[in-house]
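**Student:** Hey, dropping start16.cif in here, mmCIF, C-alpha atoms:
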```cif
data_input
loop_
_atom_site.label_atom_id
_atom_site.label_comp_id
_atom_site.auth_asym_id
_atom_site.auth_seq_id
_atom_site.Cartn_x
_atom_site.Cartn_y
_atom_site.Cartn_z
CA MET D 261 0.00 0.00 0.00
CA THR D 262 1.39 3.40 -0.99
CA GLU D 263 1.68 6.08 1.68
CA ARG D 264 3.30 9.47 1.99
CA LEU D 265 7.00 9.07 2.64
CA GLN D 266 7.00 11.23 5.78
CA LYS D 267 4.42 8.87 7.29
CA ILE D 268 6.50 5.81 6.34
CA LEU D 269 9.70 7.27 7.84
CA SER D 270 7.89 8.12 11.06
CA ALA D 271 6.22 4.71 11.31
CA ARG D 272 9.56 2.95 10.78
CA GLY D 273 11.15 4.92 13.61
CA VAL D 274 13.53 6.94 11.44
CA CYS D 275 12.38 10.29 12.80
CA SER D 276 9.28 12.37 13.48
CA ARG D 277 7.05 13.46 10.60
CA ARG D 278 8.33 17.01 10.89
CA GLN D 279 11.92 15.79 10.65
CA ALA D 280 10.94 13.54 7.72
CA GLU D 281 9.55 16.54 5.85
CA ALA D 282 12.89 18.31 6.35
CA LEU D 283 14.76 15.25 5.02
CA LEU D 284 12.52 15.15 1.96
CA ALA D 285 12.89 18.89 1.35
CA ALA D 286 16.68 18.47 1.54
CA GLY D 287 16.65 15.68 -1.06
CA ARG D 288 18.05 13.11 1.35
CA VAL D 289 15.39 10.46 0.64
CA THR D 290 15.31 8.22 -2.41
CA CYS D 291 12.85 5.63 -3.64
CA ASP D 292 14.15 3.06 -6.11
CA GLY D 293 17.05 5.39 -6.90
CA ARG D 294 14.90 8.48 -7.46
CA VAL D 295 15.26 11.53 -5.22
CA CYS D 296 11.93 12.20 -3.51
CA GLY D 297 10.28 15.36 -2.31
CA LEU D 298 7.37 16.45 -0.14
CA GLY D 299 4.11 14.79 -1.12
CA ASP D 300 5.74 11.78 -2.77
CA LYS D 301 4.39 8.34 -1.93
CA ALA D 302 5.83 4.84 -1.87
CA ASP D 303 5.05 1.28 -0.87
CA PRO D 304 7.59 0.23 1.79
CA ASP D 305 6.93 -3.44 1.03
CA THR D 306 7.83 -3.20 -2.68
CA ASN D 307 9.96 -0.05 -3.06
CA THR D 308 13.53 0.48 -1.88
CA ILE D 309 13.53 3.55 0.34
CA LEU D 310 16.86 5.02 1.43
CA VAL D 311 17.75 7.91 3.73
CA ASP D 312 21.25 9.27 3.12
CA GLY D 313 21.91 6.12 1.13
CA LYS D 314 20.91 3.76 3.94
CA PRO D 315 17.81 1.51 3.96
CA ILE D 316 15.07 2.39 6.42
CA PRO D 317 14.42 -0.12 9.24
CA ALA D 318 12.04 -3.01 8.75
CA ALA D 319 8.50 -2.60 9.99
CA ASN D 320 8.25 -2.80 13.75
CA GLU D 321 5.52 -4.58 15.60
CA ALA D 322 3.02 -2.08 16.95
CA VAL D 323 3.88 -1.04 20.52
CA TYR D 324 1.49 0.51 23.02
CA ILE D 325 2.81 1.90 26.31
CA ILE D 326 1.40 3.76 29.30
CA LEU D 327 3.70 6.09 31.25
CA HIS D 328 3.05 7.82 34.57
CA LYS D 329 4.62 11.11 33.57
CA PRO D 330 6.10 13.13 36.43
CA ARG D 331 6.05 16.91 36.50
CA GLY D 332 9.05 18.61 34.92
CA PHE D 333 9.05 16.65 31.63
CA VAL D 334 7.85 17.97 28.27
CA THR D 335 6.06 15.76 25.76
CA THR D 336 7.33 17.39 22.57
CA MET D 337 9.89 15.13 20.90
CA GLU D 338 12.08 18.12 20.01
CA ASP D 339 12.53 20.89 22.55
CA GLU D 340 14.61 23.93 21.66
CA LYS D 341 15.20 24.70 25.35
CA GLY D 342 16.78 21.32 26.04
CA ARG D 343 14.30 20.37 28.75
CA LYS D 344 13.78 16.79 29.92
CA ASN D 345 11.58 14.77 27.59
CA ALA D 346 9.05 12.20 28.80
CA ALA D 347 10.20 9.83 26.03
CA GLN D 348 13.56 9.58 27.80
CA LEU D 349 11.82 7.63 30.56
CA ILE D 350 10.91 4.83 28.14
CA ASP D 351 13.48 2.28 26.98
CA CYS D 352 11.60 -0.28 24.92
CA GLY D 353 14.03 -0.71 22.01
CA THR D 354 11.59 0.96 19.59
CA ARG D 355 11.03 4.63 18.76
CA VAL D 356 7.63 5.57 20.17
CA TYR D 357 5.75 8.87 20.25
CA PRO D 358 3.36 10.43 22.77
CA VAL D 359 -0.36 10.24 22.03
CA GLY D 360 -1.45 13.83 22.58
CA ARG D 361 0.10 16.23 25.05
CA LEU D 362 0.55 16.68 28.76
CA ASP D 363 2.20 19.98 29.69
CA MET D 364 5.47 20.13 31.59
CA ASP D 365 3.82 21.08 34.90
CA SER D 366 1.26 18.27 34.71
CA GLU D 367 1.57 14.60 35.59
CA GLY D 368 -0.22 11.33 35.07
CA LEU D 369 -1.30 9.05 32.26
CA LEU D 370 0.49 9.47 28.95
CA LEU D 371 0.21 6.98 26.11
CA PHE D 372 3.10 6.21 23.74
CA THR D 373 2.97 4.20 20.53
CA ASN D 374 4.55 3.69 17.11
CA ASP D 375 1.08 3.12 15.61
CA GLY D 376 0.41 6.39 13.83
CA ASP D 377 -3.17 5.62 12.83
CA PHE D 378 -4.10 4.69 16.40
CA ALA D 379 -2.51 7.89 17.76
CA LYS D 380 -4.33 10.04 15.21
CA LYS D 381 -7.71 8.52 16.07
CA MET D 382 -7.10 8.78 19.82
CA THR D 383 -6.39 12.50 19.57
CA HIS D 384 -8.93 13.55 16.93
CA PRO D 385 -11.88 15.46 18.46
CA SER D 386 -14.38 13.58 16.28
CA HIS D 387 -13.75 10.38 18.26
CA GLN D 388 -14.72 12.01 21.58
CA VAL D 389 -12.22 10.07 23.70
CA ASP D 390 -12.76 11.08 27.33
CA LYS D 391 -9.77 12.34 29.29
CA VAL D 392 -10.17 12.55 33.06
CA TYR D 393 -8.08 14.84 35.27
CA HIS D 394 -7.73 15.49 38.97
CA ALA D 395 -7.20 19.21 39.45
CA TRP D 396 -6.09 20.70 42.77
CA VAL D 397 -7.32 24.31 42.74
CA GLU D 398 -7.21 27.44 44.84
CA LYS D 399 -9.74 30.31 44.89
CA TYR D 400 -12.59 27.79 44.76
CA THR D 401 -16.14 29.15 45.11
CA GLU D 402 -19.57 27.75 44.27
CA GLU D 403 -19.81 30.35 41.51
CA ALA D 404 -16.50 29.23 40.02
CA PHE D 405 -17.61 25.58 40.24
CA GLN D 406 -20.73 26.36 38.22
CA LYS D 407 -18.81 28.50 35.73
CA VAL D 408 -16.14 25.90 34.95
CA GLN D 409 -18.84 23.47 33.81
CA LYS D 410 -19.97 25.77 31.01
CA PRO D 411 -18.57 25.70 27.46
CA VAL D 412 -15.96 28.37 26.67
CA GLU D 413 -13.97 29.40 23.62
CA LEU D 414 -10.28 28.51 23.52
CA ASP D 415 -8.03 29.36 20.58
CA GLY D 416 -11.09 30.28 18.51
CA TYR D 417 -12.67 26.88 19.21
CA ARG D 418 -15.76 26.39 21.36
CA ILE D 419 -15.11 23.37 23.56
CA ALA D 420 -17.78 20.94 24.67
CA PRO D 421 -19.08 21.36 28.24
CA PRO D 422 -16.81 19.40 30.60
CA LYS D 423 -18.09 17.07 33.30
CA VAL D 424 -16.92 18.37 36.69
CA SER D 425 -17.23 16.76 40.12
CA LEU D 426 -16.13 18.09 43.51
CA LEU D 427 -14.07 15.40 45.25
CA HIS D 428 -12.86 17.39 48.26
CA ARG D 429 -12.99 20.92 49.62
CA GLU D 430 -11.22 22.73 52.42
CA GLY D 431 -11.96 26.44 52.50
CA ASN D 432 -11.06 27.99 49.14
CA ARG D 433 -9.02 24.94 48.14
CA ALA D 434 -10.59 21.99 46.38
CA LEU D 435 -9.92 18.82 44.42
CA LEU D 436 -11.96 18.56 41.23
CA GLU D 437 -12.41 15.70 38.78
CA ILE D 438 -12.74 17.12 35.28
CA THR D 439 -13.60 15.12 32.15
CA ILE D 440 -12.97 16.67 28.74
CA HIS D 441 -13.07 15.42 25.14
CA GLU D 442 -10.71 17.81 23.40
CA GLY D 443 -7.03 18.36 24.02
CA ARG D 444 -6.43 22.09 23.58
CA ASN D 445 -3.15 23.44 24.91
CA ARG D 446 -3.31 23.60 28.75
CA GLN D 447 -7.08 23.27 28.43
CA VAL D 448 -7.99 22.31 32.00
CA ARG D 449 -5.76 24.98 33.50
CA ARG D 450 -7.19 27.65 31.22
CA MET D 451 -10.78 26.58 31.85
CA CYS D 452 -10.24 26.85 35.59
CA GLN D 453 -8.51 30.20 35.24
CA MET D 454 -11.42 31.56 33.20
CA ALA D 455 -13.75 30.45 35.99
CA GLY D 456 -11.64 32.33 38.56
CA MET D 457 -9.68 29.38 39.99
CA TYR D 458 -5.96 28.61 39.95
CA VAL D 459 -4.68 25.07 39.35
CA THR D 460 -1.77 24.16 41.64
CA ARG D 461 -1.50 20.52 40.57
CA LEU D 462 -2.94 18.55 37.66
CA ARG D 463 -2.93 14.80 37.07
CA ARG D 464 -4.47 12.86 34.17
CA THR D 465 -6.00 9.67 35.55
CA CYS D 466 -7.88 8.18 32.59
CA GLN D 467 -7.91 8.26 28.80
CA GLY D 468 -10.81 6.39 27.30
CA SER D 469 -11.13 3.08 29.14
CA LEU D 470 -7.48 3.13 30.21
CA THR D 471 -6.73 4.14 33.79
CA LEU D 472 -3.47 5.12 35.48
CA GLY D 473 -4.13 2.74 38.36
CA GLU D 474 -1.21 2.06 40.71
CA LEU D 475 1.55 2.64 38.15
CA PRO D 476 4.35 4.46 40.03
CA LYS D 477 5.38 7.93 38.96
CA GLY D 478 8.10 7.85 36.31
CA LYS D 479 7.42 4.18 35.43
CA TRP D 480 5.91 2.65 32.29
CA ARG D 481 4.43 -0.64 31.14
CA TYR D 482 3.12 -2.24 27.95
CA LEU D 483 -0.64 -2.25 27.52
CA ALA D 484 -2.29 -5.65 27.79
CA ASP D 485 -3.98 -7.07 24.68
CA ASP D 486 -7.44 -6.55 26.16
CA GLU D 487 -6.62 -2.91 27.01
CA ILE D 488 -5.53 -2.25 23.42
CA ALA D 489 -8.62 -3.97 22.01
CA LYS D 490 -10.92 -1.97 24.29
CA LEU D 491 -9.34 1.35 23.31
CA LYS D 492 -9.64 0.51 19.61
CA GLU D 493 -13.29 -0.44 20.07
CA GLU D 494 -13.93 3.04 21.47
CA LEU D 495 -12.54 4.81 18.39
#
```
Taking this structure as input, can you express it in the form of structure tokens?
**Tutor:**
Amino acid sequence: MTERLQKILSARGVCSRRQAEALLAAGRVTCDGRVCGLGDKADPDTNTILVDGKPIPAANEAVYIILHKPRGFVTTMEDEKGRKNAAQLIDCGTRVYPVGRLDMDSEGLLLFTNDGDFAKKMTHPSHQVDKVYHAWVEKYTEEAFQKVQKPVELDGYRIAPPKVSLLHREGNRALLEITIHEGRNRQVRRMCQMAGMYVTRLRRTCQGSLTLGELPKGKWRYLADDEIAKLKEEL
């Protein structure tokens, strides 16, 4: 099956799609001896694809991993500031990529995979995959609690109303459970801020049917076959 070359290079663990586009633009990728450019397609099973004259790796078996990301790690694969990357915590012998984002100051469940189609479906808003967060907030009031449950506009996009539950309260501090469908940049923090609250700690506990459970902070594990099947059923 023919696919865009940047997708093939990413799937085979050569580099990210953005890096693959740069390789193609620089003329460093060939297919059956022909220099390729952006937009070109190939069939990795029948065509000979080379990067800088070297064959790309054979197809890897799909890998699905859950990481309990600690605070202080970014999820972007390339960070110009040289900050610690969550991918550095995973040593599975295969290049894997985060499914969606979890900002540097947040912690909790973060999926990694080398299955590009699965990652795209998991993060696309049309699939309505629930993401559940525990948010420790300050400046809590009943008015703010009601306000945070209403839809707001972020980045020119009107988000769906979140589901919000109060788990604990002590004065103007509270622990909220917030379920969202989208994954806008720092969405939960910004929603709370717009409601008049300040998030001091944020942890993702669930994504779809997958839960963080008792996985220690900074540790990872492979998903079980039934967990993978269940997630794919939900897409």
**Student:** Given only C-alpha atoms as the basis, pick out the residue of D:Arg449, D:Arg278, D:Lys380, D:Lys314 nearest to Tyr393 in chain D.
**Tutor:** D:Arg449
**Student:** So, with only C-alpha atoms as the atoms that count, which of D:Arg446, D:Arg418, D:Lys423, D:Arg355 lies closest to Phe372 in chain D?
**Tutor:**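 Closest residue, counting only C-alpha atoms: D:Arg355.
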**Student:** Given the choices D:Ile326, D:Ala318, D:Leu284, D:Val459, which gets closest to Ile488 in chain D if the distance is worked out from all atoms listed in the file?
**Tutor:**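 The answer is D:Ile326, which sits nearest to Ile488 in chain D.
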**Student:** Could you check the closest approach to Gln388 in chain D for each of D:Arg450, D:Lys477, D:Arg461, D:His441 and tell me which residue wins, using only C-alpha atoms?
**Tutor:**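 For Gln388 in chain D, the nearest of the given residues is D:His441.
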**Student:** Expand the PyMOL selection byres ((chain D and resi 495) around 12) into the individual residues it matches in the shown file, reporting them as a list in words.
**Tutor:**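 On the file shown, the PyMOL selection byres ((chain D and resi 495) around 12) covers Asp377, Phe378, Ala379, Lys380, Lys381, Met382, Thr383, His384, Pro385, Ser386, His387, Gln388, Val389, Asp390, Gln467, Gly468, Ser469, Ile488, Ala489, Lys490, Leu491, Lys492, Glu493 and Glu494 of chain D.
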**Student:** Hey, what comes out of the PyMOL selection byres ((chain D and resi 289) around 8) on this file? Could you write it as an MDAnalysis selection string?
**Tutor:** chainID D and resid 283:284 287:288 290:291 295:297 309:313
**Student:** Exactly which residues make up the result of the PyMOL selection byres ((chain D and resi 427) around 7) on this file, given as a PDB file with C-alpha atoms, keeping the file's coordinate frame?
**Tutor:**
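Generated file (part.pdb):
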```
ATOM      1  CA  SER D 425     -17.230  16.760  40.120  1.00  0.00           C
ATOM      2  CA  LEU D 426     -16.130  18.090  43.510  1.00  0.00           C
ATOM      3  CA  HIS D 428     -12.860  17.390  48.260  1.00  0.00           C
ATOM      4  CA  LEU D 435      -9.920  18.820  44.420  1.00  0.00           C
ATOM      5  CA  LEU D 436     -11.960  18.560  41.230  1.00  0.00           C
ATOM      6  CA  GLU D 437     -12.410  15.700  38.780  1.00  0.00           C
TER       7      GLU D 437
END
```
**Student:** Which is closer to Gln453 in chain D than all the others in D:Leu327, D:Met364, D:Leu475, D:Ala404, using all atoms listed in the file?
**Tutor:**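 Of the candidates, the smallest distance to Gln453 in chain D is held by D:Ala404.
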**Student:** I need the residue nearest Leu483 in chain D from this list: D:Thr373, D:Gln279, D:Gln409, D:Asn432. Use all atoms listed in the file for the distance.
**Tutor:** D:Thr373
**Student:** What separation in Å, quoted to one decimal, exists between CA of Met261 in chain D and CA of Thr308 in chain D?
**Tutor:** 13.7 Å
**Student:** Do you know which residues are at most 12 Å from range 339-350 of chain D counting only C-alpha atoms, after dropping those on the same chain fewer than 5 positions away, and could you put them as a ChimeraX atom specification?
**Tutor:** /D:323-334,355-359,361-373,477-482
**Student:** Between CA of Thr354 in chain D and CA of Ala484 in chain D, what is the distance in Å, rounded to a tenth?
**Tutor:**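 Going from CA of Thr354 in chain D over to CA of Ala484 in chain D, I get 17.4 Å.
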**Student:** Would you kindly return, as a VMD selection string, each protein, DNA or RNA residue with an atom no farther than 9 Å from any atom of Phe405 in chain D, considering all atoms listed in the file and excluding same-chain residues fewer than 2 positions away?
**Tutor:** chain D and resid 400 to 403 407 to 409 424 to 426 452 455 457
**Student:** Between CA of Asp375 in chain D and CA of Ala282 in chain D, measure the distance and give it in Å to one decimal.
**Tutor:** 21.4 Å
